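Engineer: This is the structure I have questions about; it appears just below.
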Amino acid sequence: MEKPRLFISRELFPEVIEELEKFYEVEVWDKYHGPSYEYLVEKLRSVDAYVSMVTDRIDCGLLQVARRLRIIAQYGVGLDNIDVVCATRLGIYVTNTPNVLAESVAELTWSLILAVSRRIVEADHFVRWGEWYRTRTSVHPLMMLGTELKGKMLGIIGLGSVGRRVAEIGKAFGMRVIYYSRSRKPDVESSLGIEYRSFDDVVSEADVLTIHVSLTSETRHLINEDVLRRMKKNAILINTSRGPVVDTDALVKALREGWIAGAGLDVFENEPLQPNHPLTAFKNVVLLPHLGSATHEARLAMARLVAENLIAFYKGQVPPTLVNSEVVKHRRPGFD
């Protein structure tokens with residue numbers, strides 16, 4: 001029997017590719033920059049399975065011409081790049097890689113919190129660019145003053161697996177932790193000693209406000225000008241969720257006019273961020289190139305889960321992290 005054709009739009013770990021080759025005829029896009037939308041339209045006409053990245057645009061127009069395609073295994077959690085409704089209607093299975101990123105994203109969140117609160121990047125530049133040497137002083141009482149976290153209020157918007165881990169680390173730092181989530185989590189409140197508050201209360205009381213929500217029509221620009229105006233002037237904003245959750249123009253205005261003390265951002269409304277973007281002008285802002293899952297452990301776990309989904313589908317089984325469960329009513333799993 002001829003193996004089904006699988007296209008992978010970025011390089012993955014060799015051991016994962018080797019496992020997939022037992023079941024699929026695998027083709028891997030080997031360039032650092034991903035394939036264009038136009039290339040994907042042509043390529044997906046002739047493949048049965050596809051490993052997508054969160055930056056690949058997979059709209060209904062593309063799906064309609066991909067007549068052989070039976071499964072999209074997204075290498076990532078977010079699905080706002082895929083028209084899942086259209087895929088379901090066309091009988092295309094969609095999977096993602098949840099529950100393997102919490103530690104990586106939570107630790108990066110704390111990297112940003114510490115970097116902004118203790119001015120780590122700014123201080124590195126102070127040394128690296130010779131400013132420290134030019135001051136001719138090793139220590140000054142007012143040099144590079146930051147903010148301690150112990151006793152401060154950590155406000156968390158979204159208490160999923162990442163938010164919970166961020167809260168746990170916050171308690172270890174001696175912070176008071178409050179959160180807002182669509183559904184209250186009494187068991188987590190009890191186990192971690194954190195408090196549920198309204199969205200408005202979390203925004204106005206937090207010394208560190210960190211965002212951990214998925215991107216939906218309700219959360220797009222959740223952090224807008226009104227919200228930023230209600231934050232403390234000494235507060236910092238952290239976003240490692242999705243870029244469009246924060247209104248970038250409003251954030252630039254808030255930083256320029258001093259409504260908040262700083263920000264740490266791993267995600268942006270438009271990626272990659274242009275080097276002359278207004279956000280790059282602020283010393284009190286730390287900018288990262290979407291590194292939330294960028295640890296060896298997390299990325300390998302993601303790749304293995306992608307393979308697990310594809311192999312299960314090949315065997316005629318429902319993939320373990322199937323997103324669009326309704327698709328089963330349209331088409332059974334497998335390539336029969």
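The way I read the labels, and the way they are meant: chains A, B, ... in the order of the structure tokens, residue 1 as the first residue of every chain, and ligand 1 as the first ligand shown, with later ones counted on from there.
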At a cut-off of 12 Å, using only C-alpha atoms, what residues contact A:Lys329? Leave out same-chain residues fewer than 4 positions from it and give the result as a ChimeraX atom specification.
Structural biologist: /A:88-93,318,324-325,333
Engineer: Name all residues at most 7 Å from A:Lys150 (count only C-alpha atoms; drop same-chain ones fewer than 4 positions away) and give them as a list in words.
Structural biologist: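 Counting only the stated atoms, we get Phe173, Gly174 and Met175 of chain A.
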Engineer: Provide the atom CA of A:Asn239 to atom CA of A:Ile120 distance in Å, to one decimal place.
Structural biologist: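 Those two atoms sit 17.5 Å apart.
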Engineer: Residues of stretch 76-290 of chain A classed as strand (DSSP E or B) by DSSP on the backbone are to be reported as a ChimeraX atom specification.
Structural biologist: /A:82,93-95,153-157,176-180,195-196,208-211,223,236-239,246,262-265,285-287
Engineer: Using the selection just defined, write its residues with N, CA, C and O atoms as a compact mmCIF listing (two decimals), in the first residue's frame.
Structural biologist:
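Result file selection-v5.txt:
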# COMPACT_ATOMS: atom_id res chain seq x y z
N ILE A 82 -6.17 28.97 11.60
CA ILE A 82 -6.87 27.92 10.85
C ILE A 82 -8.37 28.17 10.88
O ILE A 82 -8.94 28.44 11.95
N TYR A 93 -9.61 16.68 9.67
CA TYR A 93 -9.32 16.64 11.11
C TYR A 93 -8.27 17.72 11.44
O TYR A 93 -7.33 17.94 10.67
N VAL A 94 -8.44 18.37 12.60
CA VAL A 94 -7.49 19.38 13.06
C VAL A 94 -7.07 19.03 14.49
O VAL A 94 -7.92 18.82 15.37
N THR A 95 -5.77 18.96 14.71
CA THR A 95 -5.26 18.70 16.05
C THR A 95 -4.28 19.81 16.44
O THR A 95 -3.80 20.56 15.59
N MET A 153 1.55 42.78 44.49
CA MET A 153 0.35 42.09 44.01
C MET A 153 0.56 41.61 42.58
O MET A 153 0.83 42.41 41.68
N LEU A 154 0.45 40.31 42.38
CA LEU A 154 0.50 39.71 41.05
C LEU A 154 -0.93 39.48 40.57
O LEU A 154 -1.68 38.74 41.20
N GLY A 155 -1.29 40.11 39.46
CA GLY A 155 -2.62 39.94 38.89
C GLY A 155 -2.55 39.09 37.64
O GLY A 155 -1.78 39.39 36.72
N ILE A 156 -3.34 38.03 37.59
CA ILE A 156 -3.31 37.09 36.47
C ILE A 156 -4.66 37.10 35.77
O ILE A 156 -5.70 36.91 36.41
N ILE A 157 -4.65 37.32 34.47
CA ILE A 157 -5.86 37.23 33.66
C ILE A 157 -5.81 35.93 32.88
O ILE A 157 -5.00 35.78 31.97
N ARG A 176 1.48 38.44 46.73
CA ARG A 176 0.05 38.19 46.86
C ARG A 176 -0.50 38.00 45.45
O ARG A 176 -0.12 38.74 44.55
N VAL A 177 -1.36 37.03 45.27
CA VAL A 177 -1.81 36.68 43.92
C VAL A 177 -3.33 36.76 43.82
O VAL A 177 -4.05 36.16 44.62
N ILE A 178 -3.80 37.53 42.86
CA ILE A 178 -5.22 37.59 42.54
C ILE A 178 -5.37 37.24 41.06
O ILE A 178 -4.45 37.39 40.28
N TYR A 179 -6.57 36.75 40.71
CA TYR A 179 -6.76 36.36 39.32
C TYR A 179 -8.18 36.61 38.88
O TYR A 179 -9.10 36.69 39.68
N TYR A 180 -8.33 36.70 37.56
CA TYR A 180 -9.65 36.70 36.93
C TYR A 180 -9.64 35.67 35.82
O TYR A 180 -8.69 35.57 35.05
N GLU A 195 -6.55 34.53 45.29
CA GLU A 195 -7.91 35.06 45.40
C GLU A 195 -8.50 35.38 44.04
O GLU A 195 -7.81 35.92 43.16
N TYR A 196 -9.78 35.06 43.89
CA TYR A 196 -10.51 35.43 42.68
C TYR A 196 -11.05 36.84 42.84
O TYR A 196 -11.60 37.20 43.89
N VAL A 208 1.96 43.73 39.08
CA VAL A 208 2.36 43.02 37.86
C VAL A 208 1.09 42.40 37.29
O VAL A 208 0.43 41.61 37.96
N LEU A 209 0.74 42.78 36.07
CA LEU A 209 -0.45 42.24 35.41
C LEU A 209 0.02 41.36 34.26
O LEU A 209 0.66 41.84 33.33
N THR A 210 -0.30 40.07 34.32
CA THR A 210 0.17 39.14 33.30
C THR A 210 -1.01 38.44 32.64
O THR A 210 -1.96 38.03 33.31
N ILE A 211 -0.95 38.31 31.32
CA ILE A 211 -2.08 37.87 30.51
C ILE A 211 -1.86 36.45 30.02
O ILE A 211 -0.82 36.15 29.41
N ILE A 223 -6.90 44.18 26.53
CA ILE A 223 -6.11 45.22 27.19
C ILE A 223 -6.08 46.42 26.26
O ILE A 223 -5.28 46.51 25.33
N ILE A 236 3.57 46.90 35.90
CA ILE A 236 4.12 46.45 34.63
C ILE A 236 3.15 45.44 34.01
O ILE A 236 2.47 44.71 34.72
N LEU A 237 3.11 45.45 32.69
CA LEU A 237 2.24 44.56 31.92
C LEU A 237 3.08 43.49 31.24
O LEU A 237 4.09 43.81 30.60
N ILE A 238 2.65 42.23 31.35
CA ILE A 238 3.35 41.11 30.73
C ILE A 238 2.36 40.38 29.82
O ILE A 238 1.25 40.05 30.23
N ASN A 239 2.78 40.13 28.57
CA ASN A 239 1.92 39.36 27.66
C ASN A 239 2.72 38.26 26.97
O ASN A 239 3.61 38.53 26.17
N VAL A 246 -3.60 42.54 23.30
CA VAL A 246 -3.21 43.90 23.73
C VAL A 246 -3.33 44.85 22.54
O VAL A 246 -2.79 44.57 21.47
N GLY A 262 6.11 49.88 32.83
CA GLY A 262 6.87 49.13 31.83
C GLY A 262 6.09 47.95 31.32
O GLY A 262 4.96 47.70 31.75
N ALA A 263 6.70 47.19 30.42
CA ALA A 263 6.03 46.04 29.84
C ALA A 263 7.05 45.01 29.38
O ALA A 263 8.19 45.34 29.04
N GLY A 264 6.62 43.75 29.39
CA GLY A 264 7.40 42.65 28.83
C GLY A 264 6.52 41.89 27.86
O GLY A 264 5.45 41.40 28.24
N LEU A 265 6.96 41.81 26.60
CA LEU A 265 6.11 41.26 25.54
C LEU A 265 6.84 40.17 24.77
O LEU A 265 7.95 40.38 24.29
N VAL A 285 10.77 48.57 28.31
CA VAL A 285 10.03 47.50 27.65
C VAL A 285 11.02 46.43 27.19
O VAL A 285 12.02 46.75 26.55
N VAL A 286 10.72 45.17 27.50
CA VAL A 286 11.53 44.05 27.05
C VAL A 286 10.73 43.31 25.97
O VAL A 286 9.58 42.94 26.18
N LEU A 287 11.37 43.10 24.82
CA LEU A 287 10.71 42.52 23.66
C LEU A 287 11.38 41.20 23.28
O LEU A 287 12.61 41.15 23.13
Engineer: Enumerate as a PyMOL selection string all residues of stretch 236-278 of chain A assigned to alpha helix (DSSP H) by DSSP on the backbone, naming them with the chain letters and numbers the document uses.
Structural biologist: chain A and resi 248-257
Engineer: Can you check which parts of stretch 281-310 of chain A lie within 10 Å of stretch 107-119 of chain A? Per residue, the shortest pair of atoms and distance in Å to one decimal, counting only C-alpha atoms, sorted by chain and number, as a Markdown table.
Structural biologist:
| residue | atom | partner | partner_atom | distance |
| --- | --- | --- | --- | --- |
| A:Lys283 | CA | A:Arg119 | CA | 8.5 |
| A:Asn284 | CA | A:Val116 | CA | 6.6 |
| A:Val285 | CA | A:Val116 | CA | 6.8 |
| A:Val286 | CA | A:Val116 | CA | 6.5 |
| A:Leu287 | CA | A:Leu112 | CA | 8.7 |
| A:Leu288 | CA | A:Leu112 | CA | 8.9 |
| A:Leu291 | CA | A:Leu108 | CA | 7.7 |
| A:Gly292 | CA | A:Leu108 | CA | 6.1 |
| A:Ser293 | CA | A:Leu108 | CA | 8.5 |
| A:Ala294 | CA | A:Leu108 | CA | 9.0 |
| A:Thr295 | CA | A:Leu108 | CA | 9.7 |
Engineer: Compile the contact shell of stretch 63-72 of chain A as a PyMOL selection string: residues with an atom at most 9 Å away, counting only C-alpha atoms, same-chain residues fewer than 6 positions apart removed.
Structural biologist: chain A and resi 41-52+83+86-87+90-96+310+313+333-335
Engineer: Compile the contact shell of A:Gly158 as number ranges by chain: residues with an atom at most 6 Å away, counting only C-alpha atoms, same-chain residues fewer than 3 positions apart removed.
Structural biologist: A: 163, 181, 212-213
Engineer: Keeping only all heavy atoms, write those residues as a PDB file, in the first residue's frame.
Structural biologist:
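Result file again03.pdb:
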ATOM      1  N   GLY A 163      -1.390  29.992  33.538  1.00  0.00           N
ATOM      2  CA  GLY A 163      -1.722  30.928  34.603  1.00  0.00           C
ATOM      3  C   GLY A 163      -1.533  30.324  35.982  1.00  0.00           C
ATOM      4  O   GLY A 163      -1.040  30.990  36.909  1.00  0.00           O
ATOM      5  N   SER A 181     -10.707  34.877  35.746  1.00  0.00           N
ATOM      6  CA  SER A 181     -10.855  33.886  34.705  1.00  0.00           C
ATOM      7  C   SER A 181     -12.344  33.752  34.398  1.00  0.00           C
ATOM      8  O   SER A 181     -13.186  34.110  35.231  1.00  0.00           O
ATOM      9  CB  SER A 181     -10.285  32.539  35.169  1.00  0.00           C
ATOM     10  OG  SER A 181     -10.309  31.596  34.117  1.00  0.00           O
ATOM     11  N   HIS A 212      -2.877  35.577  30.239  1.00  0.00           N
ATOM     12  CA  HIS A 212      -2.774  34.170  29.835  1.00  0.00           C
ATOM     13  C   HIS A 212      -4.127  33.675  29.312  1.00  0.00           C
ATOM     14  O   HIS A 212      -4.729  32.760  29.876  1.00  0.00           O
ATOM     15  CB  HIS A 212      -2.276  33.311  31.003  1.00  0.00           C
ATOM     16  CG  HIS A 212      -0.969  33.770  31.534  1.00  0.00           C
ATOM     17  ND1 HIS A 212       0.221  33.551  30.867  1.00  0.00           N
ATOM     18  CD2 HIS A 212      -0.657  34.499  32.636  1.00  0.00           C
ATOM     19  CE1 HIS A 212       1.211  34.100  31.538  1.00  0.00           C
ATOM     20  NE2 HIS A 212       0.704  34.687  32.615  1.00  0.00           N
ATOM     21  N   VAL A 213      -4.590  34.299  28.240  1.00  0.00           N
ATOM     22  CA  VAL A 213      -5.869  33.925  27.638  1.00  0.00           C
ATOM     23  C   VAL A 213      -5.638  33.566  26.178  1.00  0.00           C
ATOM     24  O   VAL A 213      -4.651  33.979  25.562  1.00  0.00           O
ATOM     25  CB  VAL A 213      -6.902  35.063  27.731  1.00  0.00           C
ATOM     26  CG1 VAL A 213      -7.202  35.408  29.184  1.00  0.00           C
ATOM     27  CG2 VAL A 213      -6.413  36.305  26.978  1.00  0.00           C
TER      28      VAL A 213
END
